[in-house]
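Peer 1: So here's entry33.cif (mmCIF, C-alpha atoms and all ligand atoms).
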```cif
data_query
#
loop_
_atom_site.label_atom_id
_atom_site.label_comp_id
_atom_site.auth_asym_id
_atom_site.auth_seq_id
_atom_site.Cartn_x
_atom_site.Cartn_y
_atom_site.Cartn_z
CA MET A 1 24.81 1.74 5.77
CA GLU A 2 22.42 1.60 8.74
CA ILE A 3 18.85 2.77 8.22
CA LYS A 4 17.37 4.62 11.19
CA LYS A 5 14.80 6.96 9.68
CA VAL A 6 12.43 6.01 6.85
CA GLY A 7 10.54 8.40 4.57
CA VAL A 8 7.44 7.24 2.68
CA LEU A 9 6.08 9.37 -0.18
CA GLY A 10 2.40 8.84 -1.02
CA ALA A 11 -0.01 7.90 1.79
CA GLY A 12 -2.51 5.89 -0.25
CA ILE A 13 -3.20 2.15 0.03
CA MET A 14 0.47 1.14 -0.22
CA GLY A 15 2.20 4.12 1.43
CA ALA A 16 0.08 3.80 4.58
CA GLY A 17 0.86 0.06 4.80
CA ILE A 18 4.59 0.62 4.23
CA ALA A 19 4.62 3.32 6.96
CA GLN A 20 2.81 0.90 9.30
CA VAL A 21 5.32 -1.96 8.92
CA SER A 22 8.24 0.50 9.13
CA VAL A 23 7.01 1.98 12.43
CA GLN A 24 6.31 -1.49 13.82
CA ALA A 25 9.88 -2.52 12.91
CA GLY A 26 11.23 0.25 15.17
CA TYR A 27 12.04 3.00 12.65
CA SER A 28 11.21 6.69 12.88
CA VAL A 29 8.91 7.32 9.93
CA VAL A 30 7.88 10.38 7.93
CA LEU A 31 4.81 9.78 5.73
CA ILE A 32 4.09 12.51 3.17
CA ASP A 33 1.24 12.99 0.68
CA VAL A 34 0.32 15.99 -1.48
CA VAL A 35 -3.25 15.81 -0.17
CA PRO A 36 -3.55 16.75 3.55
CA GLU A 37 -6.77 14.72 3.99
CA ILE A 38 -5.01 11.60 2.72
CA ALA A 39 -2.08 12.09 5.13
CA ASN A 40 -4.57 12.52 8.02
CA LYS A 41 -6.61 9.52 6.89
CA ALA A 42 -3.45 7.37 6.85
CA ARG A 43 -2.76 8.13 10.54
CA LYS A 44 -6.38 7.23 11.36
CA THR A 45 -6.12 3.96 9.39
CA LEU A 46 -2.92 3.02 11.23
CA ASN A 47 -4.46 3.85 14.59
CA LYS A 48 -7.47 1.67 13.74
CA ALA A 49 -5.13 -1.24 12.93
CA TRP A 50 -3.20 -0.70 16.19
CA ALA A 51 -6.46 -0.43 18.21
CA LYS A 52 -7.46 -3.82 16.76
CA ALA A 53 -4.05 -5.29 17.63
CA LEU A 54 -4.36 -3.86 21.17
CA GLU A 55 -7.80 -5.44 21.56
CA LYS A 56 -6.36 -8.80 20.51
CA GLY A 57 -3.49 -8.43 23.00
CA LYS A 58 -0.87 -8.37 20.19
CA VAL A 59 0.53 -4.98 21.30
CA SER A 60 0.40 -2.90 24.50
CA ALA A 61 -0.91 0.65 24.97
CA GLU A 62 2.75 1.70 25.44
CA ASN A 63 3.60 0.17 22.03
CA VAL A 64 0.82 2.17 20.37
CA ALA A 65 1.94 5.41 22.06
CA ASP A 66 5.52 4.70 20.93
CA TYR A 67 4.36 4.00 17.33
CA ASN A 68 2.54 7.35 17.21
CA ALA A 69 5.52 9.18 18.70
CA ARG A 70 7.76 7.80 15.92
CA LEU A 71 5.34 8.66 13.08
CA ILE A 72 5.06 12.03 11.35
CA CYS A 73 2.24 12.37 8.78
CA GLY A 74 2.09 15.52 6.69
CA THR A 75 2.45 17.26 3.34
CA ASP A 76 5.90 18.90 3.52
CA ILE A 77 8.42 16.93 1.44
CA ASN A 78 11.25 18.89 3.17
CA GLU A 79 10.66 16.61 6.20
CA PHE A 80 12.70 14.06 4.18
CA ARG A 81 15.93 16.10 4.61
CA ASP A 82 17.39 13.74 7.25
CA VAL A 83 15.86 10.35 6.31
CA ASP A 84 18.13 7.44 5.33
CA ILE A 85 15.76 6.03 2.72
CA VAL A 86 12.66 7.29 0.91
CA ILE A 87 10.18 4.64 -0.27
CA GLU A 88 8.08 6.25 -2.99
CA ALA A 89 4.49 5.01 -3.39
CA ILE A 90 2.78 7.65 -5.54
CA VAL A 91 0.67 7.04 -8.67
CA GLU A 92 1.90 4.50 -11.25
CA ASN A 93 3.02 7.07 -13.83
CA ILE A 94 6.62 7.25 -15.10
CA ASP A 95 6.65 11.04 -15.59
CA PHE A 96 5.37 11.73 -12.06
CA LYS A 97 7.83 9.21 -10.61
CA LYS A 98 10.81 10.72 -12.48
CA LYS A 99 9.82 14.20 -11.36
CA VAL A 100 9.55 13.33 -7.66
CA HIS A 101 12.74 11.24 -7.64
CA LYS A 102 14.66 14.14 -9.19
CA GLN A 103 13.25 16.40 -6.48
CA LEU A 104 14.08 13.85 -3.75
CA GLY A 105 17.68 13.61 -5.02
CA GLU A 106 18.02 17.36 -4.71
CA LEU A 107 16.69 17.63 -1.17
CA CYS A 108 17.83 14.42 0.60
CA LYS A 109 21.28 13.75 2.13
CA ALA A 110 23.89 12.49 -0.36
CA GLU A 111 23.79 8.95 1.13
CA THR A 112 19.98 8.58 1.20
CA ILE A 113 18.63 5.61 -0.78
CA LEU A 114 15.68 6.28 -3.08
CA ALA A 115 13.39 3.25 -3.43
CA THR A 116 10.31 3.01 -5.61
CA ASN A 117 7.33 0.74 -4.96
CA THR A 118 6.44 0.78 -8.67
CA SER A 119 4.39 -2.23 -9.80
CA ALA A 120 6.15 -2.59 -13.15
CA LEU A 121 8.03 0.47 -14.42
CA SER A 122 11.74 0.76 -15.26
CA ILE A 123 13.94 1.34 -12.20
CA THR A 124 16.80 2.43 -14.48
CA GLU A 125 14.66 5.11 -16.10
CA ILE A 126 13.58 6.49 -12.70
CA ALA A 127 17.20 6.32 -11.43
CA ALA A 128 18.51 8.21 -14.47
CA ALA A 129 16.32 11.19 -13.52
CA THR A 130 18.20 11.58 -10.21
CA ASN A 131 21.66 12.71 -9.11
CA ARG A 132 22.38 9.26 -7.54
CA SER A 133 21.38 6.41 -9.87
CA ASP A 134 23.65 4.00 -7.91
CA LYS A 135 21.38 4.48 -4.85
CA VAL A 136 18.01 4.01 -6.59
CA LEU A 137 16.16 0.68 -6.71
CA GLY A 138 12.79 -1.02 -6.63
CA MET A 139 11.42 -2.10 -3.25
CA HIS A 140 8.13 -3.69 -4.20
CA PHE A 141 5.64 -4.49 -1.42
CA PHE A 142 2.36 -6.40 -1.86
CA ASN A 143 -1.19 -5.51 -0.91
CA PRO A 144 -2.24 -5.69 1.92
CA VAL A 145 1.25 -4.70 3.11
CA PRO A 146 0.87 -5.72 6.79
CA VAL A 147 -0.17 -9.25 5.70
CA MET A 148 1.80 -10.13 2.54
CA LYS A 149 5.25 -11.50 3.34
CA LEU A 150 7.03 -10.77 0.04
CA VAL A 151 9.16 -7.80 -0.96
CA GLU A 152 10.76 -7.83 -4.42
CA VAL A 153 14.11 -6.02 -4.48
CA ILE A 154 14.96 -4.79 -7.99
CA PRO A 155 18.31 -3.13 -8.72
CA GLY A 156 18.50 -0.90 -11.78
CA VAL A 157 21.36 -1.19 -14.27
CA VAL A 158 23.71 0.97 -12.16
CA THR A 159 22.44 0.23 -8.62
CA THR A 160 25.29 -0.91 -6.34
CA ASP A 161 25.29 -4.21 -4.43
CA ASP A 162 25.60 -2.18 -1.22
CA THR A 163 22.32 -0.43 -1.93
CA ALA A 164 20.55 -3.73 -2.68
CA GLN A 165 21.98 -5.40 0.46
CA THR A 166 20.89 -2.48 2.68
CA VAL A 167 17.35 -2.76 1.33
CA ILE A 168 17.29 -6.56 1.68
CA GLN A 169 18.24 -6.15 5.36
CA LEU A 170 15.60 -3.44 5.79
CA ALA A 171 12.90 -5.71 4.33
CA GLU A 172 13.98 -8.52 6.68
CA LYS A 173 13.84 -6.18 9.67
CA MET A 174 10.27 -5.33 8.62
CA GLY A 175 9.46 -9.05 8.91
CA LYS A 176 9.34 -9.57 5.14
CA GLU A 177 10.89 -12.20 2.85
CA PRO A 178 12.89 -10.39 0.15
CA VAL A 179 13.51 -11.85 -3.30
CA LEU A 180 15.95 -10.31 -5.73
CA ALA A 181 14.69 -9.77 -9.30
CA LYS A 182 16.40 -8.34 -12.36
CA GLU A 183 14.83 -5.29 -13.91
CA SER A 184 12.14 -6.30 -16.40
CA PRO A 185 8.52 -5.08 -16.79
CA GLY A 186 6.49 -6.25 -13.76
CA PHE A 187 9.52 -8.08 -12.25
CA ILE A 188 8.32 -11.54 -11.08
CA VAL A 189 4.88 -11.42 -9.44
CA ASN A 190 3.12 -8.84 -11.61
CA ARG A 191 4.52 -10.33 -14.83
CA ILE A 192 2.51 -13.43 -13.93
CA LEU A 193 -0.38 -12.07 -11.82
CA VAL A 194 -1.47 -9.09 -13.94
CA PRO A 195 -2.03 -11.09 -17.20
CA TYR A 196 -4.09 -13.52 -15.05
CA MET A 197 -6.33 -10.66 -13.81
CA ASN A 198 -6.49 -9.32 -17.39
CA GLU A 199 -7.72 -12.67 -18.71
CA ALA A 200 -10.35 -12.83 -15.95
CA ALA A 201 -11.54 -9.36 -17.06
CA ASN A 202 -11.75 -10.66 -20.66
CA VAL A 203 -13.86 -13.62 -19.52
CA PHE A 204 -16.13 -11.11 -17.74
CA TYR A 205 -16.27 -8.78 -20.77
CA GLU A 206 -17.19 -11.64 -23.10
CA GLY A 207 -20.14 -12.47 -20.80
CA ILE A 208 -18.91 -16.00 -20.16
CA ALA A 209 -19.72 -15.68 -16.44
CA SER A 210 -20.54 -13.06 -13.82
CA ALA A 211 -17.85 -11.52 -11.59
CA GLU A 212 -19.11 -13.65 -8.68
CA GLU A 213 -18.95 -16.85 -10.75
CA ILE A 214 -15.46 -16.08 -12.12
CA ASP A 215 -14.12 -15.38 -8.63
CA LYS A 216 -15.86 -18.41 -7.09
CA ALA A 217 -14.44 -20.61 -9.87
CA MET A 218 -10.86 -19.44 -9.31
CA LYS A 219 -11.12 -19.76 -5.52
CA LEU A 220 -12.71 -23.22 -5.48
CA GLY A 221 -11.21 -24.58 -8.69
CA ALA A 222 -7.69 -23.18 -8.50
CA GLY A 223 -7.23 -22.61 -4.76
CA MET A 224 -6.76 -18.84 -5.01
CA PRO A 225 -7.19 -16.97 -1.68
CA MET A 226 -9.47 -14.48 -3.46
CA GLY A 227 -10.90 -14.25 -6.98
CA PRO A 228 -9.05 -12.28 -9.73
CA LEU A 229 -11.76 -9.60 -10.09
CA ALA A 230 -12.03 -9.00 -6.34
CA LEU A 231 -8.23 -8.78 -6.39
CA ALA A 232 -8.29 -6.19 -9.22
CA ASP A 233 -10.79 -4.19 -7.12
CA MET A 234 -8.48 -4.41 -4.09
CA VAL A 235 -5.35 -3.40 -6.04
CA GLY A 236 -7.14 -0.61 -7.96
CA ILE A 237 -8.28 -1.13 -11.57
CA ASP A 238 -6.37 2.04 -12.60
CA ILE A 239 -3.15 0.41 -11.43
CA VAL A 240 -3.87 -2.95 -13.07
CA LEU A 241 -4.70 -1.15 -16.34
CA ALA A 242 -1.52 0.98 -16.12
CA VAL A 243 0.55 -2.21 -15.74
CA CYS A 244 -1.27 -3.91 -18.67
CA GLU A 245 -0.66 -0.83 -20.85
CA PHE A 246 3.03 -0.86 -19.93
CA PHE A 247 3.43 -4.59 -20.75
CA TYR A 248 1.59 -4.12 -24.06
CA LYS A 249 3.90 -1.24 -25.01
CA GLU A 250 7.19 -2.71 -23.73
CA PHE A 251 6.78 -6.25 -25.06
CA ALA A 252 4.85 -5.21 -28.21
CA ASP A 253 2.96 -8.49 -27.89
CA SER A 254 -0.83 -8.75 -28.35
CA LYS A 255 -1.06 -11.27 -25.52
CA TYR A 256 -0.74 -8.32 -23.11
CA ARG A 257 -3.56 -6.26 -24.70
CA PRO A 258 -5.50 -4.63 -21.83
CA SER A 259 -9.04 -5.90 -21.36
CA LEU A 260 -11.79 -3.56 -22.52
CA ALA A 261 -13.52 -4.27 -19.19
CA PHE A 262 -10.61 -2.53 -17.40
CA ARG A 263 -10.77 0.42 -19.79
CA GLN A 264 -14.52 0.86 -19.32
CA LYS A 265 -14.28 0.70 -15.51
CA VAL A 266 -11.46 3.27 -15.41
CA ARG A 267 -13.32 5.60 -17.80
CA ALA A 268 -16.36 5.38 -15.49
CA GLY A 269 -14.20 6.14 -12.43
CA HIS A 270 -15.03 2.67 -11.06
CA LEU A 271 -11.51 1.92 -9.81
CA GLY A 272 -12.46 -0.71 -7.24
CA LYS A 273 -12.60 -0.58 -3.46
CA LYS A 274 -10.97 2.86 -3.22
CA THR A 275 -13.79 4.55 -5.17
CA GLY A 276 -16.58 2.32 -3.76
CA LYS A 277 -17.22 0.58 -7.07
CA GLY A 278 -15.38 -1.70 -9.48
CA PHE A 279 -16.38 -5.21 -10.49
CA TYR A 280 -18.27 -5.15 -7.15
CA ASN A 281 -20.17 -2.49 -5.25
CA TYR A 282 -18.66 -1.42 -1.90
CA MET A 283 -21.02 1.48 -1.06
N1 LIG B 1 -5.06 -4.58 5.60
C1 LIG B 1 -4.51 -5.07 6.73
N2 LIG B 1 -4.76 -6.30 7.20
C2 LIG B 1 -5.63 -7.07 6.53
C3 LIG B 1 -6.26 -6.63 5.34
C4 LIG B 1 -5.96 -5.32 4.90
N3 LIG B 1 -6.49 -4.81 3.78
N4 LIG B 1 -7.07 -7.62 4.89
C5 LIG B 1 -6.94 -8.65 5.76
N5 LIG B 1 -6.08 -8.31 6.73
C6 LIG B 1 -5.65 -9.15 7.86
C7 LIG B 1 -6.80 -9.42 8.80
O1 LIG B 1 -6.91 -8.39 9.78
C8 LIG B 1 -6.38 -10.73 9.42
O2 LIG B 1 -5.41 -10.50 10.43
P1 LIG B 1 -5.45 -11.29 11.83
O3 LIG B 1 -5.17 -12.73 11.48
O4 LIG B 1 -4.38 -10.65 12.64
O5 LIG B 1 -6.82 -11.08 12.37
C9 LIG B 1 -5.66 -11.47 8.28
O6 LIG B 1 -5.26 -10.43 7.36
C10 LIG B 1 -6.57 -12.45 7.56
O7 LIG B 1 -7.72 -11.74 7.14
P2 LIG B 1 -9.15 -12.39 6.83
O8 LIG B 1 -9.33 -13.65 7.63
O9 LIG B 1 -10.19 -11.33 6.93
O10 LIG B 1 -9.10 -12.68 5.29
P3 LIG B 1 -8.37 -13.77 4.46
O11 LIG B 1 -7.85 -14.89 5.28
O12 LIG B 1 -9.32 -14.05 3.39
O13 LIG B 1 -7.10 -12.99 3.87
C11 LIG B 1 -6.08 -11.69 2.20
C12 LIG B 1 -7.23 -11.79 3.21
C13 LIG B 1 -4.75 -11.68 2.95
C14 LIG B 1 -6.27 -10.38 1.46
C15 LIG B 1 -6.13 -12.93 1.24
O14 LIG B 1 -7.40 -12.98 0.63
C16 LIG B 1 -5.07 -12.88 0.17
O15 LIG B 1 -3.93 -13.27 0.37
N6 LIG B 1 -5.46 -12.38 -1.02
C17 LIG B 1 -4.53 -12.26 -2.15
C18 LIG B 1 -3.76 -10.97 -1.98
C19 LIG B 1 -2.80 -10.75 -3.11
O16 LIG B 1 -2.68 -11.50 -4.08
N7 LIG B 1 -2.06 -9.64 -2.99
C20 LIG B 1 -1.14 -9.22 -4.03
C21 LIG B 1 -1.81 -8.23 -4.93
S1 LIG B 1 -0.75 -7.70 -6.26
C22 LIG B 1 0.25 -6.56 -5.56
O17 LIG B 1 0.12 -6.17 -4.42
C23 LIG B 1 1.36 -6.02 -6.40
C24 LIG B 1 1.05 -4.87 -7.26
O18 LIG B 1 2.03 -4.18 -7.63
C25 LIG B 1 -0.30 -4.56 -7.80
P1 LIG B 2 -3.02 5.24 -4.27
O1 LIG B 2 -3.73 5.89 -5.38
O2 LIG B 2 -3.82 4.58 -3.19
O3 LIG B 2 -2.05 6.28 -3.54
C1 LIG B 2 -1.17 7.12 -4.22
C2 LIG B 2 -1.00 8.37 -3.35
O4 LIG B 2 0.07 9.17 -3.88
C3 LIG B 2 -2.24 9.27 -3.33
O5 LIG B 2 -2.65 9.44 -1.98
C4 LIG B 2 -1.77 10.58 -3.95
O6 LIG B 2 -2.36 11.72 -3.33
C5 LIG B 2 -0.29 10.52 -3.67
N1 LIG B 2 0.55 11.34 -4.55
C6 LIG B 2 0.46 11.50 -5.89
N2 LIG B 2 1.45 12.30 -6.33
C7 LIG B 2 2.19 12.64 -5.25
C8 LIG B 2 3.35 13.44 -5.05
N3 LIG B 2 3.96 14.05 -6.06
N4 LIG B 2 3.82 13.57 -3.78
C9 LIG B 2 3.22 12.95 -2.74
N5 LIG B 2 2.12 12.17 -2.88
C10 LIG B 2 1.61 12.02 -4.11
O7 LIG B 2 -2.02 4.20 -4.93
P2 LIG B 2 -1.40 2.87 -4.32
O8 LIG B 2 -2.32 1.74 -4.64
O9 LIG B 2 -0.97 3.10 -2.92
O10 LIG B 2 -0.12 2.68 -5.27
C11 LIG B 2 1.05 3.45 -5.11
C12 LIG B 2 2.20 2.83 -5.86
O11 LIG B 2 2.41 1.49 -5.38
C13 LIG B 2 1.98 2.70 -7.37
O12 LIG B 2 3.22 2.84 -8.02
C14 LIG B 2 1.45 1.29 -7.51
O13 LIG B 2 1.67 0.75 -8.80
C15 LIG B 2 2.28 0.56 -6.47
N6 LIG B 2 1.69 -0.66 -5.93
C16 LIG B 2 0.34 -0.76 -5.73
C17 LIG B 2 -0.18 -1.92 -5.22
C18 LIG B 2 -1.65 -2.06 -4.97
O14 LIG B 2 -2.11 -3.19 -4.76
N7 LIG B 2 -2.44 -1.00 -4.96
C19 LIG B 2 0.66 -2.97 -4.86
C20 LIG B 2 2.05 -2.82 -5.04
C21 LIG B 2 2.55 -1.66 -5.59
#
```
Once you've parsed the file, please lay out its structure as structure tokens.
Peer 2:
Amino acid sequence: MEIKKVGVLGAGIMGAGIAQVSVQAGYSVVLIDVVPEIANKARKTLNKAWAKALEKGKVSAENVADYNARLICGTDINEFRDVDIVIEAIVENIDFKKKVHKQLGELCKAETILATNTSALSITEIAAATNRSDKVLGMHFFNPVPVMKLVEVIPGVVTTDDTAQTVIQLAEKMGKEPVLAKESPGFIVNRILVPYMNEAANVFYEGIASAEEIDKAMKLGAGMPMGPLALADMVGIDIVLAVCEFFYKEFADSKYRPSLAFRQKVRAGHLGKKTGKGFYNYM
């Protein structure tokens, strides 16, 4: 199946980035969020990125005009009626994801692929909520989407090879390097990366070192591009906590117990960069 038109549901950190790389790869893109301000903000963010690229001579003014002409940003999910794939990037909550995928199955064309950008949840469970479980899979991008090269492709138990191959080709056309992973909590990267951030939060909670010292130590001592607490702030502490909670429940293993530092920050509404405060202050 050839993908020509891409739908992206959720215009937050990830949805905006996924829409950006999709437009840049030549697709017509519909980006939908329930909150009108967020949909408008996403267009502004993309135009800022393209203005920067124009300044650097990486794109022309014609390219930017063409990108805008191929991008619809709005709040009406019915705009997805004629898309070939929907990439869902809404909150990391299984009930919300099942509900929207059921709705997407009812309104999209019979052949439309439904992909979820979930960080950890069960693809099979989301697929089972739809009328097309063979065409549902995980297409997991990394933050920041325009920079990170990886896309994990995760078939559910009944996803066809055709569906997976179409999505692998789509990821390649977006300039990404796809890897195929079997369904399992957190797939490959988050199974390894999230417990690492969780342990850094434990070190912080136990008062062993400040956030700055922990991050400096992991950058200079372990060669990480950024420290684990700055990374949790960039990802969103609500998302990191949701993934920890899911691992703890699914594996029933105390090694995945979420750090109390994450719980406290989320209870305070200090979710990281997106709320202006997390382990660091961004205001
Ligand atoms: N959005 C778009 N572009 C960005 C960006 C952002 N948020 N942050 C940086 N960039 C771009 C810059 O514009 C710059 O591009 P140019 O070369 O074209 O100018 C380039 O990236 C390098 O930026 P900087 O020199 O400012 O910064 P850096 O070299 O320190 O790199 C980084 C920044 C790419 C974020 C790097 O620190 C890094 O790789 N960090 C680790 C990121 C990571 O681990 N991501 C995965 C998170 S987990 C996840 O996503 C999965 C999940 O389900 C939770
Ligand atoms: P976010 O909070 O920035 O954005 C989520 C957006 O979804 C919000 O704008 C919200 O208004 C919108 N939304 C919620 N319910 C909706 C609905 N029913 N219809 C349309 N829009 C709806 O979150 P994010 O960081 O972009 O994460 C989105 C998804 O991507 C999550 O599943 C997350 O686990 C995953 N993910 C996040 C990262 C990351 O680093 N933040 C990386 C990879 C994957």
Peer 1: Using all atoms listed in the file, can you tell me which of A:Arg257, A:Lys249, A:His140, A:Arg132 comes closest to ligand LIG 2 (chain B)?
Peer 2: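 When distances to ligand LIG 2 (chain B) are compared using all atoms listed in the file, the smallest one comes from A:His140.
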Peer 1: For each of A:Ile237, A:Leu260, A:Met218, A:Ala115, take the minimum atom-to-atom distance to A:Lys273, counting only C-alpha atoms, then give the residue where this is smallest.
Peer 2: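 Selected residue with least distance to A:Lys273: A:Ile237.
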Peer 1: Can you pull out every residue with an atom within 10 Å of ligand LIG 1 (chain B)? Use all atoms listed in the file and format it as a PyMOL selection string.
Peer 2: chain A and resi 13-14+16-17+20+45-46+49+52-53+56+58+92+117-120+140-152+186-187+189-191+193-194+197+219+224-228+230-232+234-237+239-240+243
Peer 1: Enumerate, as an MDAnalysis selection string, the protein, DNA and RNA residues whose atoms approach (5.0, 12.6, 7.6) to within 6 Å, taking into account only C-alpha atoms and the coordinate frame of the file.
Peer 2: chainID A and resid 30:32 72:74
Peer 1: One decimal, Å: what's the distance from atom CA of A:Tyr248 over to atom CA of A:Ile214, could you say?
Peer 2: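 Computed distance, atom CA of A:Tyr248 to atom CA of A:Ile214, equals 24.0 Å.
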Peer 1: If we count all atoms listed in the file and set the cut-off at 8 Å, which residues sit around A:Met174, ignoring sequence neighbours fewer than 3 positions away in its own chain? Please answer as a list of chain:residue names.
Peer 2: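 My list of contacting residues is A:Val21, A:Ser22, A:Gln24, A:Ala25, A:Leu170, A:Ala171.
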Peer 1: Excluding stretch 1-7 of chain A and residues on its chain fewer than 2 positions from it, collect all residues at most 10 Å away from it, counting all atoms listed in the file, and give them as a PyMOL selection string.
Peer 2: chain A and resi 9-10+15+18-19+22-23+26-32+70-72+77+79-88+111-115+162-163+165-167+169-170
Peer 1: Measuring between only C-alpha atoms and all ligand atoms, which one of A:Glu177, A:Asp238, A:Glu206, A:Asp66 shows the shortest distance to ligand LIG 2 (chain B)?
Peer 2: A:Asp238
Peer 1: Using only the atoms of stretch 193-210 of chain A listed in the file, plus 6 Å on each side, state the axis-aligned box centre and edge lengths in Å rounded to one decimal, as JSON.
Peer 2:
```
{"center_x": -10.5, "center_y": -12.4, "center_z": -17.5, "size_x": 32.2, "size_y": 19.2, "size_z": 23.3}
```
Peer 1: Please determine, counting only C-alpha atoms and all ligand atoms, which residue among A:Pro258, A:Gly105, A:Pro36, A:Gly175 has the shortest atom-to-atom distance to ligand LIG 2 (chain B).
Peer 2: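 Distance minimum relative to ligand LIG 2 (chain B) lands on A:Pro36.
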Peer 1: Which value, in Å to one decimal, gives the distance between atom CA of A:Asn47 and atom CA of A:Ala61?
Peer 2: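 Interatomic distance here is 11.4 Å.
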Peer 1: A:Tyr256, A:Phe279, A:Phe246, A:Phe204: which is nearest ligand LIG 2 (chain B), counting all atoms listed in the file?
Peer 2: A:Phe246
Peer 1: Give the answer as one residue: which of A:Leu220, A:Cys244, A:Val179, A:Ala261 has the shortest atom-to-atom distance to ligand LIG 2 (chain B), using only C-alpha atoms and all ligand atoms?
Peer 2: A:Cys244
Peer 1: Name the residues in contact with A:Leu180 at a cut-off of 9 Å, using all atoms listed in the file, excluding same-chain residues fewer than 6 positions from it; report them as a list in words.
Peer 2: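 These residues fall inside the cut-off: Val151, Glu152, Val153, Ile154, Pro155, Ala164 and Ile168 of chain A.
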Peer 1: Name the residues in contact with A:Lys277 at a cut-off of 12 Å, using only C-alpha atoms, excluding same-chain residues fewer than 3 positions from it; report them as number ranges by chain.
Peer 2: A: 229-230, 232-234, 236-237, 265-266, 268-274, 280-283
Peer 1: Write a file of the selected residues as a PDB file, in the coordinates of the input, keeping C-alpha atoms.
Peer 2:
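Now in out_9.pdb:
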```
ATOM      1  CA  LEU A 229     -11.760  -9.600 -10.090  1.00  0.00           C
ATOM      2  CA  ALA A 230     -12.030  -9.000  -6.340  1.00  0.00           C
ATOM      3  CA  ALA A 232      -8.290  -6.190  -9.220  1.00  0.00           C
ATOM      4  CA  ASP A 233     -10.790  -4.190  -7.120  1.00  0.00           C
ATOM      5  CA  MET A 234      -8.480  -4.410  -4.090  1.00  0.00           C
ATOM      6  CA  GLY A 236      -7.140  -0.610  -7.960  1.00  0.00           C
ATOM      7  CA  ILE A 237      -8.280  -1.130 -11.570  1.00  0.00           C
ATOM      8  CA  LYS A 265     -14.280   0.700 -15.510  1.00  0.00           C
ATOM      9  CA  VAL A 266     -11.460   3.270 -15.410  1.00  0.00           C
ATOM     10  CA  ALA A 268     -16.360   5.380 -15.490  1.00  0.00           C
ATOM     11  CA  GLY A 269     -14.200   6.140 -12.430  1.00  0.00           C
ATOM     12  CA  HIS A 270     -15.030   2.670 -11.060  1.00  0.00           C
ATOM     13  CA  LEU A 271     -11.510   1.920  -9.810  1.00  0.00           C
ATOM     14  CA  GLY A 272     -12.460  -0.710  -7.240  1.00  0.00           C
ATOM     15  CA  LYS A 273     -12.600  -0.580  -3.460  1.00  0.00           C
ATOM     16  CA  LYS A 274     -10.970   2.860  -3.220  1.00  0.00           C
ATOM     17  CA  TYR A 280     -18.270  -5.150  -7.150  1.00  0.00           C
ATOM     18  CA  ASN A 281     -20.170  -2.490  -5.250  1.00  0.00           C
ATOM     19  CA  TYR A 282     -18.660  -1.420  -1.900  1.00  0.00           C
ATOM     20  CA  MET A 283     -21.020   1.480  -1.060  1.00  0.00           C
TER      21      MET A 283
END
```
Peer 1: Figure out the distance between atom CA of A:Asn93 and atom CA of A:Gln264, please, to one decimal in Å.
Peer 2: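 Those two atoms sit 19.4 Å apart.
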Peer 1: Extract stretch 19-26 of chain A from the preceding block and save N, CA, C and O atoms as a PDB file, in the first residue's frame.
Peer 2:
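Final output, saved to decode_14.pdb:
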```pdb
ATOM      1  N   ALA A  19       4.437  15.488  12.677  1.00  0.00           N
ATOM      2  CA  ALA A  19       3.847  16.230  11.548  1.00  0.00           C
ATOM      3  C   ALA A  19       4.960  16.920  10.758  1.00  0.00           C
ATOM      4  O   ALA A  19       4.956  16.899   9.520  1.00  0.00           O
ATOM      5  N   GLN A  20       5.934  17.498  11.474  1.00  0.00           N
ATOM      6  CA  GLN A  20       7.030  18.201  10.786  1.00  0.00           C
ATOM      7  C   GLN A  20       7.810  17.266   9.849  1.00  0.00           C
ATOM      8  O   GLN A  20       7.991  17.569   8.670  1.00  0.00           O
ATOM      9  N   VAL A  21       8.237  16.111  10.359  1.00  0.00           N
ATOM     10  CA  VAL A  21       9.038  15.216   9.500  1.00  0.00           C
ATOM     11  C   VAL A  21       8.192  14.622   8.374  1.00  0.00           C
ATOM     12  O   VAL A  21       8.709  14.343   7.292  1.00  0.00           O
ATOM     13  N   SER A  22       6.894  14.463   8.617  1.00  0.00           N
ATOM     14  CA  SER A  22       6.005  13.928   7.566  1.00  0.00           C
ATOM     15  C   SER A  22       5.858  14.932   6.426  1.00  0.00           C
ATOM     16  O   SER A  22       5.931  14.571   5.253  1.00  0.00           O
ATOM     17  N   VAL A  23       5.643  16.201   6.781  1.00  0.00           N
ATOM     18  CA  VAL A  23       5.515  17.250   5.750  1.00  0.00           C
ATOM     19  C   VAL A  23       6.822  17.354   4.973  1.00  0.00           C
ATOM     20  O   VAL A  23       6.824  17.389   3.733  1.00  0.00           O
ATOM     21  N   GLN A  24       7.941  17.362   5.705  1.00  0.00           N
ATOM     22  CA  GLN A  24       9.248  17.511   5.046  1.00  0.00           C
ATOM     23  C   GLN A  24       9.557  16.337   4.111  1.00  0.00           C
ATOM     24  O   GLN A  24      10.306  16.475   3.157  1.00  0.00           O
ATOM     25  N   ALA A  25       8.936  15.178   4.397  1.00  0.00           N
ATOM     26  CA  ALA A  25       9.153  13.998   3.543  1.00  0.00           C
ATOM     27  C   ALA A  25       8.253  14.018   2.309  1.00  0.00           C
ATOM     28  O   ALA A  25       8.310  13.101   1.491  1.00  0.00           O
ATOM     29  N   GLY A  26       7.393  15.043   2.190  1.00  0.00           N
ATOM     30  CA  GLY A  26       6.589  15.189   0.971  1.00  0.00           C
ATOM     31  C   GLY A  26       5.133  14.781   1.106  1.00  0.00           C
ATOM     32  O   GLY A  26       4.399  14.806   0.126  1.00  0.00           O
TER      33      GLY A  26
END
```
